[in-house]
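Peer 1: What follows is upload20.txt; its format and atoms are compact mmCIF, C-alpha atoms and all ligand atoms.
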# COMPACT_ATOMS: atom_id res chain seq x y z
CA MET A 6 52.89 14.38 -32.66
CA HIS A 7 54.11 12.85 -29.42
CA LYS A 8 57.64 14.00 -28.56
CA PRO A 9 60.04 13.46 -25.63
CA VAL A 10 58.91 16.75 -24.16
CA HIS A 11 55.37 15.29 -23.97
CA THR A 12 56.56 12.14 -22.23
CA ASN A 13 58.21 14.27 -19.54
CA LEU A 14 55.07 16.36 -19.15
CA LEU A 15 52.79 13.33 -18.83
CA ARG A 16 55.07 11.75 -16.23
CA TRP A 17 55.07 14.98 -14.28
CA TYR A 18 51.27 15.21 -14.50
CA GLU A 19 50.80 11.64 -13.28
CA GLN A 20 52.85 12.39 -10.21
CA TYR A 21 52.02 16.00 -9.40
CA GLY A 22 48.81 16.91 -11.29
CA ARG A 23 45.71 18.11 -9.45
CA HIS A 24 43.69 14.95 -10.09
CA ASN A 25 41.12 15.75 -7.42
CA LEU A 26 39.46 18.77 -9.09
CA PRO A 27 35.78 17.78 -9.44
CA TRP A 28 35.40 18.91 -13.08
CA ARG A 29 38.33 16.65 -14.06
CA HIS A 30 36.11 13.61 -13.45
CA SER A 31 33.20 14.91 -15.46
CA ARG A 32 32.43 14.62 -19.13
CA ASP A 33 29.28 16.62 -18.67
CA SER A 34 29.56 19.67 -20.91
CA TYR A 35 27.25 21.63 -18.58
CA THR A 36 29.40 21.29 -15.44
CA ILE A 37 32.61 21.79 -17.43
CA TRP A 38 31.20 24.94 -18.99
CA ILE A 39 30.17 26.32 -15.56
CA SER A 40 33.64 25.61 -14.14
CA GLU A 41 35.32 27.26 -17.14
CA ILE A 42 33.22 30.41 -16.83
CA MET A 43 33.69 30.64 -13.05
CA LEU A 44 37.44 30.16 -13.39
CA GLN A 45 37.75 33.17 -15.70
CA GLN A 46 39.14 35.91 -13.45
CA THR A 47 38.69 33.80 -10.30
CA GLN A 48 41.11 31.42 -8.59
CA VAL A 49 40.50 27.68 -8.40
CA THR A 50 40.37 27.59 -4.59
CA THR A 51 37.77 30.39 -4.41
CA VAL A 52 35.59 28.74 -7.04
CA LEU A 53 35.91 25.34 -5.38
CA GLU A 54 35.33 26.46 -1.84
CA ARG A 55 32.44 28.83 -2.31
CA PHE A 56 30.76 28.79 -5.70
CA TYR A 57 30.98 25.73 -7.94
CA THR A 58 29.25 23.15 -5.72
CA PRO A 59 26.44 25.42 -4.41
CA PHE A 60 25.71 26.59 -7.97
CA LEU A 61 25.35 23.01 -9.20
CA GLN A 62 23.27 22.09 -6.18
CA GLN A 63 20.87 24.90 -7.06
CA PHE A 64 20.94 24.20 -10.81
CA PRO A 65 22.01 20.57 -11.27
CA THR A 66 21.31 20.48 -15.00
CA LEU A 67 21.18 22.81 -17.96
CA ARG A 68 17.40 22.46 -17.93
CA ASP A 69 17.24 23.60 -14.29
CA LEU A 70 19.34 26.63 -15.17
CA ALA A 71 17.18 27.44 -18.20
CA ALA A 72 14.03 27.19 -16.06
CA ALA A 73 15.34 29.58 -13.38
CA THR A 74 14.96 33.35 -13.36
CA GLU A 75 17.91 35.64 -14.07
CA GLU A 76 17.56 36.97 -10.53
CA GLU A 77 17.96 33.48 -9.07
CA VAL A 78 21.08 32.95 -11.14
CA LEU A 79 22.54 36.30 -10.05
CA LYS A 80 21.78 35.45 -6.42
CA GLN A 81 23.71 32.21 -6.77
CA TRP A 82 26.59 34.11 -8.44
CA GLU A 83 26.60 36.70 -5.65
CA GLY A 84 30.12 37.46 -4.43
CA LEU A 85 31.86 35.90 -7.42
CA GLY A 86 31.86 39.23 -9.26
CA TYR A 87 31.99 39.97 -13.00
CA TYR A 88 28.23 39.46 -13.22
CA THR A 89 28.20 39.66 -17.03
CA ARG A 90 29.43 36.07 -16.81
CA ALA A 91 26.30 35.06 -14.87
CA ARG A 92 23.97 36.88 -17.25
CA ASN A 93 25.67 35.24 -20.26
CA VAL A 94 25.48 31.81 -18.64
CA TYR A 95 21.78 32.38 -18.18
CA LYS A 96 21.28 33.63 -21.76
CA THR A 97 23.14 30.61 -23.14
CA ALA A 98 21.04 28.22 -21.04
CA GLN A 99 17.91 29.86 -22.47
CA LEU A 100 19.23 29.44 -25.99
CA VAL A 101 20.36 25.83 -25.87
CA GLU A 102 18.09 24.40 -23.12
CA HIS A 103 19.08 20.73 -23.49
CA ALA A 104 22.78 20.47 -24.28
CA LEU A 105 25.67 22.60 -25.41
CA PRO A 106 26.70 22.02 -29.02
CA GLN A 107 29.84 19.98 -29.66
CA SER A 108 31.63 21.96 -32.35
CA ILE A 109 33.90 24.86 -31.49
CA HIS A 110 32.31 26.86 -34.27
CA GLU A 111 28.83 26.54 -32.73
CA LEU A 112 30.05 27.01 -29.16
CA ILE A 113 31.66 30.34 -30.08
CA GLN A 114 28.30 31.68 -31.27
CA LEU A 115 26.88 31.46 -27.71
CA PRO A 116 26.90 34.42 -25.27
CA GLY A 117 29.99 34.52 -23.06
CA ILE A 118 31.79 31.67 -24.85
CA GLY A 119 34.94 32.86 -26.58
CA LYS A 120 37.54 30.88 -28.48
CA SER A 121 39.39 29.83 -25.35
CA THR A 122 36.27 28.60 -23.47
CA ALA A 123 34.98 26.85 -26.59
CA HIS A 124 38.29 24.98 -26.93
CA ALA A 125 38.20 24.03 -23.23
CA ILE A 126 34.62 22.69 -23.44
CA ALA A 127 35.39 20.78 -26.64
CA ALA A 128 38.64 19.39 -25.21
CA PHE A 129 37.32 18.36 -21.80
CA ALA A 130 33.68 17.43 -22.40
CA TYR A 131 33.80 16.07 -25.93
CA ARG A 132 37.47 15.03 -25.93
CA THR A 133 38.13 16.92 -29.16
CA PRO A 134 41.90 16.86 -29.79
CA VAL A 135 42.53 20.61 -29.55
CA PRO A 136 44.77 22.66 -27.25
CA ILE A 137 43.44 25.07 -24.67
CA LEU A 138 44.81 28.56 -24.14
CA ASP A 139 44.15 30.03 -20.73
CA ALA A 140 46.41 32.48 -18.86
CA ASN A 141 48.56 29.68 -17.43
CA VAL A 142 49.14 28.06 -20.80
CA LYS A 143 49.95 31.42 -22.39
CA ARG A 144 52.63 32.10 -19.80
CA ILE A 145 54.25 28.72 -20.44
CA LEU A 146 54.19 29.31 -24.21
CA TYR A 147 55.80 32.73 -23.90
CA ARG A 148 58.62 31.30 -21.81
CA PHE A 149 59.01 27.98 -23.60
CA PHE A 150 59.34 29.64 -27.00
CA GLY A 151 61.20 32.68 -25.66
CA LYS A 152 58.66 35.26 -26.82
CA LYS A 153 58.47 38.68 -25.26
CA LYS A 154 55.32 39.61 -27.11
CA ALA A 155 52.81 37.64 -29.15
CA SER A 156 49.40 38.36 -30.60
CA GLU A 157 46.46 36.10 -29.76
CA ARG A 158 46.80 34.53 -33.19
CA GLU A 159 50.49 33.79 -32.65
CA LEU A 160 49.77 32.29 -29.26
CA TRP A 161 47.18 29.93 -30.78
CA ALA A 162 49.74 28.89 -33.37
CA LEU A 163 52.28 28.17 -30.59
CA ALA A 164 49.62 26.28 -28.62
CA TYR A 165 49.08 23.98 -31.61
CA ARG A 166 52.83 23.66 -32.14
CA LEU A 167 53.51 22.34 -28.63
CA PHE A 168 50.28 20.31 -28.45
CA ASP A 169 50.35 16.52 -27.90
CA ASP A 170 47.56 15.20 -30.12
CA GLU A 171 48.15 11.64 -28.99
CA HIS A 172 47.24 12.44 -25.36
CA PRO A 173 45.21 15.61 -25.79
CA PHE A 174 43.16 15.42 -22.60
CA GLU A 175 46.09 14.73 -20.27
CA TYR A 176 48.27 17.27 -22.09
CA ASN A 177 45.76 20.08 -21.56
CA GLN A 178 45.21 19.24 -17.90
CA ALA A 179 48.96 19.00 -17.37
CA MET A 180 49.58 22.40 -18.97
CA MET A 181 47.03 24.07 -16.70
CA ASP A 182 48.60 22.48 -13.63
CA LEU A 183 52.13 23.26 -14.72
CA GLY A 184 51.21 26.93 -15.14
CA SER A 185 49.52 27.02 -11.79
CA LEU A 186 52.03 25.02 -9.73
CA VAL A 187 55.44 25.41 -11.41
CA CYS A 188 55.60 28.04 -14.14
CA ARG A 189 53.97 30.74 -12.02
CA SER A 190 53.83 34.37 -12.97
CA LYS A 191 56.07 35.60 -10.13
CA GLU A 192 58.08 32.43 -9.56
CA ALA A 193 59.23 29.87 -12.11
CA LEU A 194 60.37 26.64 -10.47
CA CYS A 195 62.38 25.52 -13.49
CA VAL A 196 64.32 22.82 -11.66
CA HIS A 197 61.02 21.05 -10.99
CA CYS A 198 59.69 21.58 -14.50
CA PRO A 199 59.47 18.80 -17.09
CA PHE A 200 60.23 21.41 -19.80
CA GLU A 201 63.46 22.66 -18.26
CA MET A 202 65.81 21.27 -20.90
CA GLN A 203 63.76 22.45 -23.90
CA CYS A 204 62.48 25.74 -22.49
CA HIS A 205 64.08 28.81 -24.02
CA ALA A 206 63.56 31.04 -20.98
CA ALA A 207 64.96 28.46 -18.57
CA GLN A 208 68.02 27.92 -20.76
CA GLN A 209 68.57 31.65 -20.87
CA GLY A 210 68.21 31.78 -17.09
CA ALA A 211 65.59 34.51 -17.21
CA PRO A 212 62.08 33.04 -17.10
CA LEU A 213 60.59 35.95 -15.19
CA GLU A 214 61.54 38.42 -17.92
CA LEU A 215 59.05 36.76 -20.27
CA PRO A 216 56.49 37.82 -21.28
CA GLU A 217 57.10 41.55 -21.20
CA LYS A 218 55.24 43.08 -18.26
CA LYS A 219 52.37 45.40 -19.07
CA ALA A 220 52.50 48.76 -17.33
CA VAL A 221 50.27 48.63 -14.28
CA LYS A 222 47.43 51.07 -14.70
CA SER A 223 46.43 53.02 -11.64
CA VAL A 224 42.83 52.40 -10.68
CA PRO A 225 40.70 55.52 -10.11
CA ILE A 226 38.92 56.06 -6.82
CA ARG A 227 35.25 57.04 -6.75
CA TYR A 228 33.90 58.69 -3.64
CA LYS A 229 30.18 58.19 -2.99
CA ASP A 230 27.52 58.58 -0.36
CA ILE A 231 25.23 55.61 -0.02
CA VAL A 232 21.93 56.35 1.66
CA VAL A 233 19.74 53.70 3.25
CA PHE A 234 16.21 55.09 3.33
CA THR A 235 14.18 53.31 5.98
CA CYS A 236 10.65 53.18 7.31
CA LYS A 237 9.15 50.68 9.79
CA ASN A 238 12.06 48.25 9.64
CA ARG A 239 11.99 48.19 5.88
CA TYR A 240 14.77 49.52 3.67
CA ALA A 241 14.57 51.11 0.23
CA LEU A 242 16.39 49.36 -2.63
CA LYS A 243 16.08 49.32 -6.38
CA GLN A 244 17.25 46.98 -9.08
CA ARG A 245 20.18 48.32 -11.08
CA SER A 246 19.42 48.91 -14.72
CA GLY A 247 22.76 50.34 -15.96
CA ARG A 248 25.52 48.18 -17.42
CA PHE A 249 27.51 48.02 -14.21
CA LEU A 250 26.15 45.35 -11.81
CA HIS A 251 23.07 45.12 -14.00
CA GLY A 252 20.22 43.15 -12.42
CA LEU A 253 21.63 43.34 -8.88
CA TRP A 254 19.71 45.21 -6.18
CA GLY A 255 21.26 48.07 -4.24
CA PHE A 256 20.81 51.04 -1.94
CA SER A 257 20.83 54.60 -3.29
CA GLU A 258 24.20 56.00 -4.33
CA TYR A 259 25.01 59.67 -4.74
CA GLU A 260 28.05 61.74 -5.58
CA GLN A 261 29.74 62.76 -2.36
CA ASN A 262 29.27 66.14 -0.68
CA ARG A 263 25.56 66.36 -1.45
CA ASP A 264 23.59 68.59 0.89
CA ASN A 265 23.31 66.98 4.30
CA ALA A 266 22.91 70.27 6.11
CA GLU A 267 19.44 69.51 7.42
CA GLY A 268 20.95 66.80 9.57
CA GLN A 269 18.27 64.39 8.38
CA MET A 270 20.79 61.64 7.91
CA GLN A 271 22.87 59.76 10.38
CA GLN A 272 26.16 58.15 9.36
CA LEU A 273 26.28 54.37 9.80
CA GLY A 274 29.87 53.91 8.73
CA SER A 275 32.07 53.71 5.65
CA ILE A 276 32.93 50.99 3.17
CA VAL A 277 35.66 50.34 0.64
CA GLN A 278 35.02 48.04 -2.30
CA LYS A 279 37.61 47.27 -4.94
CA TYR A 280 36.34 46.61 -8.44
CA SER A 281 38.64 45.86 -11.35
CA HIS A 282 38.25 49.29 -12.97
CA PHE A 283 37.74 51.52 -9.91
CA HIS A 284 37.80 51.50 -6.13
CA LEU A 285 34.72 52.67 -4.30
CA TYR A 286 35.08 54.65 -1.09
CA ALA A 287 31.64 55.33 0.33
CA ASP A 288 30.17 56.87 3.45
CA VAL A 289 26.96 55.13 4.41
CA TYR A 290 24.03 57.05 5.88
CA ILE A 291 20.59 56.16 7.11
CA SER A 292 17.67 58.45 6.36
CA TYR A 293 14.07 58.42 7.57
CA GLU A 294 12.91 60.62 4.70
CA PRO A 295 10.66 58.95 2.11
CA VAL A 296 12.16 58.15 -1.28
CA GLU A 297 10.45 57.33 -4.56
CA GLY A 298 11.25 54.73 -7.20
CA HIS A 299 12.42 52.14 -4.68
CA GLU A 300 10.95 49.07 -3.03
CA TYR A 301 10.80 48.98 0.77
CA LEU A 302 11.84 45.53 1.90
CA THR A 303 12.55 43.70 5.15
CA LEU A 304 16.05 42.37 5.82
CA GLU A 305 14.76 38.85 5.25
CA GLU A 306 13.48 39.84 1.81
CA ILE A 307 16.71 41.72 1.01
CA ASN A 308 18.82 38.67 1.85
CA LYS A 309 17.02 36.71 -0.85
CA LEU A 310 17.96 39.24 -3.55
CA PRO A 311 21.20 39.31 -5.54
CA LEU A 312 23.34 42.10 -4.08
CA SER A 313 26.76 43.53 -4.87
CA LYS A 314 29.57 43.03 -2.34
CA ALA A 315 29.26 46.70 -1.31
CA ASP A 316 25.55 46.32 -0.61
CA ILE A 317 26.15 43.08 1.32
CA LYS A 318 28.52 45.05 3.57
CA ILE A 319 25.79 47.61 4.19
CA VAL A 320 23.21 44.91 4.99
CA LYS A 321 25.70 43.59 7.58
CA MET A 322 25.84 47.08 9.12
CA LEU A 323 22.06 47.04 9.41
CA THR A 324 21.96 43.68 11.09
S1 LIG A 401 61.31 25.58 -17.49
FE1 LIG A 401 60.82 27.27 -16.18
S2 LIG A 401 60.19 28.95 -17.51
FE2 LIG A 401 60.22 27.08 -18.73
S3 LIG A 401 58.12 26.35 -18.67
FE3 LIG A 401 59.21 25.33 -17.00
S4 LIG A 401 58.94 26.64 -15.18
FE4 LIG A 401 58.36 27.82 -16.99
Can you turn what I pasted into structure tokens?

Peer 2:
Amino acid sequence: MHKPVHTNLLRWYEQYGRHNLPWRHSRDSYTIWISEIMLQQTQVTTVLERFYTPFLQQFPTLRDLAAATEEEVLKQWEGLGYYTRARNVYKTAQLVEHALPQSIHELIQLPGIGKSTAHAIAAFAYRTPVPILDANVKRILYRFFGKKKASERELWALAYRLFDDEHPFEYNQAMMDLGSLVCRSKEALCVHCPFEMQCHAAQQGAPLELPEKKAVKSVPIRYKDIVVFTCKNRYALKQRSGRFLHGLWGFSEYEQNRDNAEGQMQQLGSIVQKYSHFHLYADVYISYEPVEGHEYLTLEEINKLPLSKADIKIVKMLT
């Protein structure tokens, strides 16, 4: 039902919304899906500046993506991180080939598409009148309804409660923009917010107290030695087969303090790479000893492979 609070929101969106985001002008489920997946855990400006357009230039359609190799997709995703997203995008392309299904129920069955992404695809590509629930919308709901804590189920119920089913598309876009521009996590600009008069947190004068902050977990540090084995201007790499960074190529990693007493290795430098669940501090060595189970490649060949950010730093050291 359309309410006064919706009128205020729509007016605000008309004036201040981010109308120039490329996926806003698309009804193509493929490009909307790619934007939704890239925007999980990555900021709009990073996605826009470095990843979204090049990815669609390389794979303009779902068919092009389905016809690619996983390695090509990972290469295109390189630097964006959270590579499970890229592998799931690829798996889904293989499964559907021509077009993503329209119903939320069917979308949720596909790899990497959860309830939130399925709602976003249905709302933006197929104009299904359903709310979306990303991190920005959640924050607004917590504050608007004055909740300190809420389960996922409760948040969906609140999302439907505030939803404007007469202007569903504009409402959803406006909520995302409001969360990003006004109702920010560390700064709530309530005087500029169309919800100010109805918002529980604003009326209580304490928007930043909601939702309750989670305790910040300390991230462990892993110390490693990374060894670049080389012979005749070629460098030894192998493709990762474990869960972490699966499918990406990398140099050899070892626990630190392994035996370097022979002096066979020469230190090239050190790198630090921050991942979400640990920080890597690594000393990087070059070795002229032979190594098995690797492929010896030229720098030109290496640059065509998908590499982790840490390995890209090492390639820069070599060049
Ligand atoms: S009034 Fe303030 S706390 Fe409430 S939704 Fe707007 S910015 Fe957020």

Peer 1: Enter the distance from atom CA of A:Ala125 to atom CA of A:Phe174, in Å, rounded to one decimal.

Peer 2: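 So the two atoms, atom CA of A:Ala125 and atom CA of A:Phe174, lie 10.0 Å apart.
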
Peer 1: Between A:Leu302, A:Leu310, A:Leu285, A:Cys188, single out the one closest to ligand LIG 401 (chain A), counting only C-alpha atoms and all ligand atoms.

Peer 2: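 The shortest atom-to-atom distance to ligand LIG 401 (chain A) comes from A:Cys188.
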
Peer 1: Figure out the distance between atom CA of A:Tyr176 and atom CA of A:Cys195, please, to one decimal in Å.

Peer 2: 18.5 Å

Peer 1: Rank nothing, just name the residue among A:Glu201, A:Asp182, A:Glu294, A:Glu171 nearest to A:Val142, using all atoms listed in the file.

Peer 2: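 Distance minimum relative to A:Val142 lands on A:Asp182.
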
Peer 1: Nearest to ligand LIG 401 (chain A): which of A:Trp254, A:Tyr87, A:Tyr147, A:Trp82 is it, counting all atoms listed in the file?

Peer 2: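 Among the listed residues, A:Tyr147 lies closest to ligand LIG 401 (chain A).
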
Peer 1: Skipping near chain neighbours, those fewer than 6 positions away, what residues fall within 9 Å of stretch 149-158 of chain A using all atoms listed in the file, listed as a list in words?

Peer 2: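 In the requested format, the answer is Phe200, Glu201, Gln203, Cys204, His205, Ala206, Ala207, Gln209, Pro212, Glu214, Leu215, Pro216, Glu217 and Lys218 of chain A.
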
Peer 1: Which residues are near stretch 104-117 of chain A? Cut-off 7 Å, only C-alpha atoms, ignore same chain within fewer than 6 positions. Put them as a tab-separated table (two decimals) with C-alpha atoms, keeping the file's coordinate frame.

Peer 2:
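Wrote out_39.tsv, looks like this:
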chain	number	residue	atom	x	y	z
A	34	SER	CA	29.56	19.67	-20.91
A	67	LEU	CA	21.18	22.81	-17.96
A	90	ARG	CA	29.43	36.07	-16.81
A	93	ASN	CA	25.67	35.24	-20.26
A	94	VAL	CA	25.48	31.81	-18.64
A	96	LYS	CA	21.28	33.63	-21.76
A	97	THR	CA	23.14	30.61	-23.14
A	123	ALA	CA	34.98	26.85	-26.59
A	124	HIS	CA	38.29	24.98	-26.93
A	127	ALA	CA	35.39	20.78	-26.64
A	131	TYR	CA	33.80	16.07	-25.93

Peer 1: Name the residues within 12 Å of (6.3, 51.0, -0.3), counting all atoms listed in the file in the file's coordinates, and put them as a list in words.

Peer 2: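 Here the neighbourhood of the point contains Phe234, Thr235, Cys236, Lys237, Asn238, Arg239, Tyr240, Ala241, Leu242, Lys243, Pro295, Val296, Glu297, Gly298, His299, Glu300, Tyr301, Leu302 and Thr303 of chain A.
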
Peer 1: Got a sec: who's within 8 Å of A:Val277, counting all atoms listed in the file, leaving out chain neighbours fewer than 3 positions off, as a VMD selection string?

Peer 2: chain A and resid 284 to 287 315

Peer 1: Pick the closest to ligand LIG 401 (chain A) from A:Leu14, A:Leu253, A:Ile118, A:Val78: which is it, counting only C-alpha atoms and all ligand atoms?

Peer 2: A:Leu14

Peer 1: Separation of atom CA of A:Gln99 and atom CA of A:Phe64, in Å?

Peer 2: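 Atom CA of A:Gln99 sits 13.3 Å away from atom CA of A:Phe64.
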
Peer 1: List the spatial neighbours of A:Lys8 as a PyMOL selection string - criterion: any atom at most 10 Å away, all atoms listed in the file, same-chain residues fewer than 3 positions off excluded.

Peer 2: chain A and resi 11-13+167-169+171

Peer 1: Between A:Leu323, A:Ser275, A:Gln81, A:Ala130, which is the closest to A:Lys229 once you count only C-alpha atoms?

Peer 2: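 Of A:Leu323, A:Ser275, A:Gln81, A:Ala130, the one nearest A:Lys229, counting only C-alpha atoms, is A:Ser275.
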
Peer 1: With all atoms listed in the file as the counted atoms, please give the residues lying no more than 12 Å from A:Gly22, apart from itself and same-chain residues fewer than 4 positions off, as a list in words.

Peer 2: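 After dropping sequence-adjacent residues, the list is Leu14, Leu15, Arg16, Trp17, Tyr18, Leu26, Arg29, Glu175, Tyr176, Asn177, Gln178, Ala179, Met180, Met181, Asp182, Leu183, Gly184, Ser185, Leu186 and Val187 of chain A.
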
Peer 1: Can those selected residues be exported to a file as a PDB file, in the frame of the given file so that it contains C-alpha atoms?

Peer 2:
ATOM      1  CA  LEU A  14      55.070  16.360 -19.150  1.00  0.00           C
ATOM      2  CA  LEU A  15      52.790  13.330 -18.830  1.00  0.00           C
ATOM      3  CA  ARG A  16      55.070  11.750 -16.230  1.00  0.00           C
ATOM      4  CA  TRP A  17      55.070  14.980 -14.280  1.00  0.00           C
ATOM      5  CA  TYR A  18      51.270  15.210 -14.500  1.00  0.00           C
ATOM      6  CA  LEU A  26      39.460  18.770  -9.090  1.00  0.00           C
ATOM      7  CA  ARG A  29      38.330  16.650 -14.060  1.00  0.00           C
ATOM      8  CA  GLU A 175      46.090  14.730 -20.270  1.00  0.00           C
ATOM      9  CA  TYR A 176      48.270  17.270 -22.090  1.00  0.00           C
ATOM     10  CA  ASN A 177      45.760  20.080 -21.560  1.00  0.00           C
ATOM     11  CA  GLN A 178      45.210  19.240 -17.900  1.00  0.00           C
ATOM     12  CA  ALA A 179      48.960  19.000 -17.370  1.00  0.00           C
ATOM     13  CA  MET A 180      49.580  22.400 -18.970  1.00  0.00           C
ATOM     14  CA  MET A 181      47.030  24.070 -16.700  1.00  0.00           C
ATOM     15  CA  ASP A 182      48.600  22.480 -13.630  1.00  0.00           C
ATOM     16  CA  LEU A 183      52.130  23.260 -14.720  1.00  0.00           C
ATOM     17  CA  GLY A 184      51.210  26.930 -15.140  1.00  0.00           C
ATOM     18  CA  SER A 185      49.520  27.020 -11.790  1.00  0.00           C
ATOM     19  CA  LEU A 186      52.030  25.020  -9.730  1.00  0.00           C
ATOM     20  CA  VAL A 187      55.440  25.410 -11.410  1.00  0.00           C
TER      21      VAL A 187
END

Peer 1: Between A:Ala211, A:Ala128, A:Met43, A:Leu273, single out the one closest to A:Pro173, counting all atoms listed in the file.

Peer 2: A:Ala128

Peer 1: Please determine an axis-aligned box that encloses all atoms of stretch 205-217 of chain A listed in the file, with 8 Å added on each side, and express its centre and edge lengths in Å to one decimal as lines of an AutoDock Vina configuration file.

Peer 2:
center_x = 62.5
center_y = 34.7
center_z = -19.6
size_x = 28.1
size_y = 29.6
size_z = 24.8
